[in-house]
Every structure is written in C-alpha cells, then in structure tokens.
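Structure file protein.cif (mmCIF, C-alpha atoms) is printed below.
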```cif
data_work
#
loop_
_atom_site.group_PDB
_atom_site.id
_atom_site.type_symbol
_atom_site.label_atom_id
_atom_site.label_comp_id
_atom_site.auth_asym_id
_atom_site.auth_seq_id
_atom_site.Cartn_x
_atom_site.Cartn_y
_atom_site.Cartn_z
ATOM 1 C CA TYR A 1 120.977 60.542 67.858
ATOM 2 C CA TYR A 2 119.697 62.363 64.762
ATOM 3 C CA PHE A 3 118.682 65.999 65.087
ATOM 4 C CA TYR A 4 116.502 67.705 62.491
ATOM 5 C CA THR A 5 117.887 71.070 63.621
ATOM 6 C CA ALA A 6 120.559 72.379 65.960
ATOM 7 C CA THR A 7 120.424 76.006 67.068
ATOM 8 C CA ILE A 8 122.018 78.579 69.319
ATOM 9 C CA ASP A 9 119.288 80.806 70.698
ATOM 10 C CA GLY A 10 117.182 79.988 67.628
ATOM 11 C CA ASP A 11 119.941 80.542 65.026
ATOM 12 C CA PHE A 12 121.015 77.503 62.987
ATOM 13 C CA LEU A 13 124.544 76.214 63.495
ATOM 14 C CA GLU A 14 127.231 77.125 60.975
ATOM 15 C CA ALA A 15 129.235 74.541 58.998
ATOM 16 C CA GLU A 16 132.274 75.085 61.263
ATOM 17 C CA ASP A 17 130.356 74.338 64.497
ATOM 18 C CA TRP A 18 130.484 71.010 66.342
ATOM 19 C CA VAL A 19 128.088 69.021 68.519
ATOM 20 C CA GLY A 20 129.480 66.760 71.239
ATOM 21 C CA ALA A 21 127.728 64.073 73.272
ATOM 22 C CA PHE A 22 128.806 63.475 76.863
ATOM 23 C CA ASN A 23 128.354 60.973 79.649
ATOM 24 C CA GLY A 24 129.159 63.189 82.617
ATOM 25 C CA ASP A 25 132.433 64.863 81.612
ATOM 26 C CA ILE A 26 133.485 62.126 79.163
ATOM 27 C CA CYS A 27 132.992 62.887 75.470
ATOM 28 C CA VAL A 28 131.320 59.828 73.933
ATOM 29 C CA GLY A 29 130.755 61.201 70.430
ATOM 30 C CA SER A 30 130.898 64.297 68.260
ATOM 31 C CA ARG A 31 130.022 65.592 64.823
ATOM 32 C CA ASN A 32 131.013 68.575 62.730
ATOM 33 C CA TRP A 33 127.660 70.239 61.946
ATOM 34 C CA ASN A 34 128.051 70.720 58.201
ATOM 35 C CA THR A 35 124.547 69.892 56.967
ATOM 36 C CA GLU A 36 125.828 69.539 53.378
ATOM 37 C CA TYR A 37 127.346 66.227 54.413
ATOM 38 C CA CYS A 38 124.380 65.008 56.483
ATOM 39 C CA GLY A 39 121.695 62.821 54.975
ATOM 40 C CA GLY A 40 118.981 65.199 53.783
ATOM 41 C CA GLY A 41 120.287 67.914 56.124
ATOM 42 C CA VAL A 42 119.517 65.803 59.214
ATOM 43 C CA CYS A 43 122.772 65.300 61.098
ATOM 44 C CA ASP A 44 123.616 62.542 63.520
ATOM 45 C CA VAL A 45 125.759 62.560 66.622
ATOM 46 C CA PRO A 46 127.199 59.100 67.256
ATOM 47 C CA VAL A 47 127.002 58.202 70.946
ATOM 48 C CA MET A 48 129.319 55.361 71.952
ATOM 49 C CA GLY A 49 128.691 52.870 74.734
ATOM 50 C CA ASP A 50 130.807 50.983 77.238
ATOM 51 C CA ASP A 51 131.517 47.549 75.744
ATOM 52 C CA GLY A 52 133.399 46.216 78.780
ATOM 53 C CA TYR A 53 136.887 46.977 77.505
ATOM 54 C CA PRO A 54 139.079 49.398 79.476
ATOM 55 C CA TRP A 55 139.229 51.975 76.674
ATOM 56 C CA THR A 56 135.446 52.465 76.779
ATOM 57 C CA ALA A 57 135.204 52.864 80.555
ATOM 58 C CA GLY A 58 132.858 55.746 81.340
ATOM 59 C CA TYR A 59 131.050 55.579 78.004
ATOM 60 C CA MET A 60 127.249 55.286 77.916
ATOM 61 C CA GLN A 61 125.438 52.499 79.729
ATOM 62 C CA GLU A 62 121.961 51.321 78.788
ATOM 63 C CA ASP A 63 119.232 53.704 80.018
ATOM 64 C CA GLY A 64 121.738 56.522 80.648
ATOM 65 C CA THR A 65 120.910 59.782 78.883
ATOM 66 C CA PRO A 66 123.714 61.705 77.170
ATOM 67 C CA SER A 67 124.110 65.430 77.552
ATOM 68 C CA PHE A 68 125.147 67.617 74.638
ATOM 69 C CA LYS A 69 127.397 70.614 74.072
ATOM 70 C CA ILE A 70 127.718 72.832 71.031
ATOM 71 C CA PHE A 71 131.024 74.383 70.034
ATOM 72 C CA ASP A 72 130.350 77.715 68.344
ATOM 73 C CA ALA A 73 133.450 78.157 66.161
ATOM 74 C CA SER A 74 132.756 81.838 65.418
ATOM 75 C CA GLU A 75 132.723 82.623 69.152
ATOM 76 C CA ASN A 76 135.319 79.962 70.096
ATOM 77 C CA THR A 77 132.952 78.952 72.909
ATOM 78 C CA TYR A 78 131.247 75.812 74.190
ATOM 79 C CA TYR A 79 127.613 75.946 75.256
ATOM 80 C CA ASP A 80 125.449 73.423 77.081
ATOM 81 C CA ALA A 81 122.660 72.354 74.734
ATOM 82 C CA VAL A 82 119.262 70.838 75.469
ATOM 83 C CA ALA A 83 117.563 68.273 73.251
ATOM 84 C CA SER A 84 113.848 68.777 72.637
ATOM 85 C CA GLU A 85 113.407 65.205 73.878
ATOM 86 C CA GLU A 86 115.500 63.290 76.411
ATOM 87 C CA ILE A 87 115.886 59.745 75.149
ATOM 88 C CA PRO A 88 117.916 57.197 77.127
ATOM 89 C CA TRP A 89 120.763 55.558 75.215
ATOM 90 C CA GLU A 90 120.436 52.006 73.935
ATOM 91 C CA PRO A 91 123.052 50.145 71.886
ATOM 92 C CA THR A 92 122.478 49.970 68.110
ATOM 93 C CA GLN A 93 119.374 52.198 68.238
ATOM 94 C CA LEU A 94 118.620 55.285 66.151
ATOM 95 C CA PHE A 95 116.731 58.185 67.680
ATOM 96 C CA LEU A 96 115.151 61.088 65.771
ATOM 97 C CA ILE A 97 114.925 64.299 67.782
ATOM 98 C CA ASN A 98 113.423 67.572 66.567
ATOM 99 C CA ASN A 99 115.914 70.080 67.933
ATOM 100 C CA LEU A 100 119.094 70.576 69.893
ATOM 101 C CA ASN A 101 119.252 74.134 71.211
ATOM 102 C CA VAL A 102 121.352 76.439 73.319
ATOM 103 C CA GLY A 103 118.920 78.797 74.989
ATOM 104 C CA ALA A 104 119.591 81.947 76.941
ATOM 105 C CA ASP A 105 118.748 82.100 80.634
ATOM 106 C CA CYS A 106 116.255 84.703 81.879
ATOM 107 C CA ALA A 107 119.044 87.331 81.941
ATOM 108 C CA GLY A 108 119.876 86.671 78.273
ATOM 109 C CA ASP A 109 123.180 84.868 78.977
ATOM 110 C CA LEU A 110 123.775 81.835 76.713
ATOM 111 C CA ASN A 111 125.989 80.139 79.296
ATOM 112 C CA GLY A 112 124.128 81.618 82.225
ATOM 113 C CA THR A 113 122.540 80.019 85.234
ATOM 114 C CA ALA A 114 120.177 82.811 86.223
ATOM 115 C CA PHE A 115 116.709 81.606 87.083
ATOM 116 C CA GLU A 116 113.232 83.007 87.510
ATOM 117 C CA ASP A 117 112.079 82.572 91.097
ATOM 118 C CA SER A 118 108.525 81.959 92.287
ATOM 119 C CA CYS A 119 107.881 85.720 92.199
ATOM 120 C CA GLY A 120 108.899 85.951 88.528
ATOM 121 C CA VAL A 121 112.170 87.739 89.273
ATOM 122 C CA CYS A 122 115.311 86.783 87.337
ATOM 123 C CA SER A 123 118.222 86.398 89.728
ATOM 124 C CA GLY A 124 121.382 84.469 90.408
ATOM 125 C CA GLY A 125 123.795 82.944 87.938
ATOM 126 C CA ASN A 126 126.039 85.130 85.820
ATOM 127 C CA SER A 127 123.335 87.776 85.520
ATOM 128 C CA GLY A 128 124.547 89.957 88.364
ATOM 129 C CA HIS A 129 120.915 90.206 89.456
ATOM 130 C CA GLU A 130 120.734 89.408 93.130
ATOM 131 C CA VAL A 131 117.276 90.421 94.240
ATOM 132 C CA ASP A 132 116.028 90.009 97.779
ATOM 133 C CA ILE A 133 112.347 89.198 97.450
ATOM 134 C CA ASP A 134 110.201 89.101 100.544
ATOM 135 C CA ILE A 135 107.082 86.977 100.529
ATOM 136 C CA ASP A 136 104.447 87.902 103.085
ATOM 137 C CA CYS A 137 102.376 85.379 105.054
ATOM 138 C CA ASN A 138 99.759 85.380 102.246
ATOM 139 C CA GLY A 139 102.422 84.237 99.780
ATOM 140 C CA ASP A 140 102.405 87.597 97.970
ATOM 141 C CA CYS A 141 105.696 88.639 96.341
ATOM 142 C CA CYS A 142 106.761 91.919 97.831
ATOM 143 C CA GLY A 143 109.976 93.310 96.352
ATOM 144 C CA GLY A 144 112.741 94.378 98.747
ATOM 145 C CA THR A 145 110.447 95.005 101.697
ATOM 146 C CA PRO A 146 106.805 94.098 102.306
ATOM 147 C CA LEU A 147 105.743 97.721 101.801
ATOM 148 C CA ASP A 148 107.378 98.109 98.337
ATOM 149 C CA VAL A 149 104.558 96.406 96.426
ATOM 150 C CA GLU A 150 100.875 97.197 96.615
ATOM 151 C CA GLY A 151 98.944 94.480 98.452
ATOM 152 C CA CYS A 152 101.998 93.244 100.324
ATOM 153 C CA GLY A 153 102.795 93.639 103.937
ATOM 154 C CA ALA A 154 100.526 91.027 105.511
ATOM 155 C CA THR A 155 102.019 89.848 108.787
ATOM 156 C CA LEU A 156 101.221 87.357 111.496
ATOM 157 C CA ASP A 157 99.529 88.963 114.495
ATOM 158 C CA SER A 158 99.952 87.817 118.108
ATOM 159 C CA CYS A 159 97.400 85.021 117.496
ATOM 160 C CA GLN A 160 99.409 83.825 114.459
ATOM 161 C CA VAL A 161 96.692 85.029 112.059
ATOM 162 C CA CYS A 162 97.857 86.533 108.776
ATOM 163 C CA SER A 163 96.420 90.014 108.424
ATOM 164 C CA GLY A 164 97.055 93.191 106.446
ATOM 165 C CA GLY A 165 98.191 93.357 102.828
ATOM 166 C CA ASN A 166 95.792 91.335 100.658
ATOM 167 C CA SER A 167 94.294 89.507 103.673
#
```

What would you get if you wrote out this structure as structure tokens?
Amino acid sequence: YYFYTATIDGDFLEAEDWVGAFNGDICVGSRNWNTEYCGGGVCDVPVMGDDGYPWTAGYMQEDGTPSFKIFDASENTYYDAVASEEIPWEPTQLFLINNLNVGADCAGDLNGTAFEDSCGVCSGGNSGHEVDIDIDCNGDCCGGTPLDVEGCGATLDSCQVCSGGNS
C-alpha cells in the first residue's frame, strides 16, 4: 500500500512518526514515515499475508482489508487512521492511495468517537456531550423538550394524527 500523503488532522507526518497496518489487532506491517527515504516522497506500508505457516497465522487473507494506525512520536500516541480508498488486500499487488489521515470527530477529538446524530447534534464518545434530542411526530428535531425549538411540539392526537408544531 503506497500513500501519496499521510496526515494527522491535515498536518503531514513527521520523520519520527510510524504507520502500521493491522488485520484486526494483529500488526501485519509498518513503516517509519521518513519521506526522505521513500521513493519520490511516496511511502509504502508493507502488508503481509498468511502463507499457511503457523508464524503468519492471523495475517491478511485475500479480499480482507487492512486497517491502519499512525504513531505520532511527538505526542507518544497512536491514532486510528482512514485511507482515502479502501482496497482489499491481494498477494504481490501494489496499491496507490491518495491519503491516509487521522481526522477529528465532531467534538474535535483525534481519538474520539463522538458522532453527529440525525438532528446535527454532536454527542457521545469522548466529547462529554450527551444531548437528549426529542424528535416530534413530524420528524422535527426539538432540543431537550418539544417546546425548546420553534416549529417543534407536534404530537399525536387521540385519532393518532400528528398535529401542532410544523403540522
């Protein structure tokens, strides 16, 4: 797997940083990211496969897709990284991929798991944002209670008809 660039939240990796390839929790390849030693500044990460011998058990199998981690030496931290393209592994093949990046979650945490829900609110993960969003019967996002947001508050009447709010 050759990557034209590898970044942490858009910043290029430093010469002391490393990229590792994994099959589940098994490291199947790694590379020190010193672009001075890469061909034309494009670095590769060798990804090894299971060849049937016991010492390669758990390595890549055909059509499996490796995951990647970046070790940021300056922060002494590992981050999960996402390739701009997911390409299944095949033995003896070379793959050119535009970018490998560690991106921040919606709360700005590089190792975070916060997510943006259907109402556009960032919650969960390491963010500390736990927001209780009510959605009325029209599907309108309504903040903490249906009356907190203009247009919200539609409810089902006794005939099970959605009325009020934006109805």

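Every protein, DNA or RNA residue with an atom at most 6 Å from A:Asp136, where all atoms listed in the file count and chain neighbours fewer than 3 positions away do not, is listed here: Gly139, Asp140 and Ala154 of chain A.
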
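Taken over the whole file, the PyMOL selection byres ((chain A and resi 105) around 10) covers exactly Val102, Gly103, Ala104, Cys106, Ala107, Gly108, Asp109, Leu110, Asn111, Gly112, Thr113, Ala114, Phe115, Glu116, Cys122, Gly125, Asn126 and Ser127 of chain A.
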
Write the residues of the preceding selection, restricted to C-alpha atoms, as a PDB file, in the coordinates of the input.
```
ATOM      1  CA  VAL A 102     121.352  76.439  73.319  1.00  0.00           C
ATOM      2  CA  GLY A 103     118.920  78.797  74.989  1.00  0.00           C
ATOM      3  CA  ALA A 104     119.591  81.947  76.941  1.00  0.00           C
ATOM      4  CA  CYS A 106     116.255  84.703  81.879  1.00  0.00           C
ATOM      5  CA  ALA A 107     119.044  87.331  81.941  1.00  0.00           C
ATOM      6  CA  GLY A 108     119.876  86.671  78.273  1.00  0.00           C
ATOM      7  CA  ASP A 109     123.180  84.868  78.977  1.00  0.00           C
ATOM      8  CA  LEU A 110     123.775  81.835  76.713  1.00  0.00           C
ATOM      9  CA  ASN A 111     125.989  80.139  79.296  1.00  0.00           C
ATOM     10  CA  GLY A 112     124.128  81.618  82.225  1.00  0.00           C
ATOM     11  CA  THR A 113     122.540  80.019  85.234  1.00  0.00           C
ATOM     12  CA  ALA A 114     120.177  82.811  86.223  1.00  0.00           C
ATOM     13  CA  PHE A 115     116.709  81.606  87.083  1.00  0.00           C
ATOM     14  CA  GLU A 116     113.232  83.007  87.510  1.00  0.00           C
ATOM     15  CA  CYS A 122     115.311  86.783  87.337  1.00  0.00           C
ATOM     16  CA  GLY A 125     123.795  82.944  87.938  1.00  0.00           C
ATOM     17  CA  ASN A 126     126.039  85.130  85.820  1.00  0.00           C
ATOM     18  CA  SER A 127     123.335  87.776  85.520  1.00  0.00           C
TER      19      SER A 127
END
```

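In this model, the gap between atom CA of A:Ser74 and atom CA of A:Gly10 comes to 15.8 Å.
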
### Task
Run through the PyMOL selection byres ((chain A and resi 49) around 7) on the given coordinates and return the selected residues as number ranges by chain.
A: 47-48, 50-51, 59-61, 91

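Rounded to one decimal, atom CA of A:Asn101 and atom CA of A:Ala57 lie 28.2 Å from each other.
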
### Task
Tell me, in Å to one decimal, how far atom CA of A:Asn98 is from atom CA of A:Asn76.
25.4 Å

### Message
Given the point (131.7, 63.3, 72.1) in the file's coordinates, find the residues that have an atom at most 9 Å from it, counting all atoms listed in the file, and give them as an MDAnalysis selection string.
### Response
chainID A and resid 19:23 26:31 45:48 68:69

So what does the PyMOL selection byres ((chain A and resi 15) around 12) actually pick up in this one, as a compact mmCIF listing (two decimals) with C-alpha atoms, keeping the file's coordinate frame?
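File written: out.txt
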```
# COMPACT_ATOMS: atom_id res chain seq x y z
CA ALA A 6 120.56 72.38 65.96
CA PHE A 12 121.02 77.50 62.99
CA LEU A 13 124.54 76.21 63.50
CA GLU A 14 127.23 77.12 60.98
CA GLU A 16 132.27 75.08 61.26
CA ASP A 17 130.36 74.34 64.50
CA TRP A 18 130.48 71.01 66.34
CA VAL A 19 128.09 69.02 68.52
CA ARG A 31 130.02 65.59 64.82
CA ASN A 32 131.01 68.58 62.73
CA TRP A 33 127.66 70.24 61.95
CA ASN A 34 128.05 70.72 58.20
CA THR A 35 124.55 69.89 56.97
CA GLU A 36 125.83 69.54 53.38
CA TYR A 37 127.35 66.23 54.41
CA CYS A 38 124.38 65.01 56.48
CA GLY A 41 120.29 67.91 56.12
CA CYS A 43 122.77 65.30 61.10
CA PHE A 71 131.02 74.38 70.03
CA ASP A 72 130.35 77.72 68.34
CA ALA A 73 133.45 78.16 66.16
CA SER A 74 132.76 81.84 65.42
```
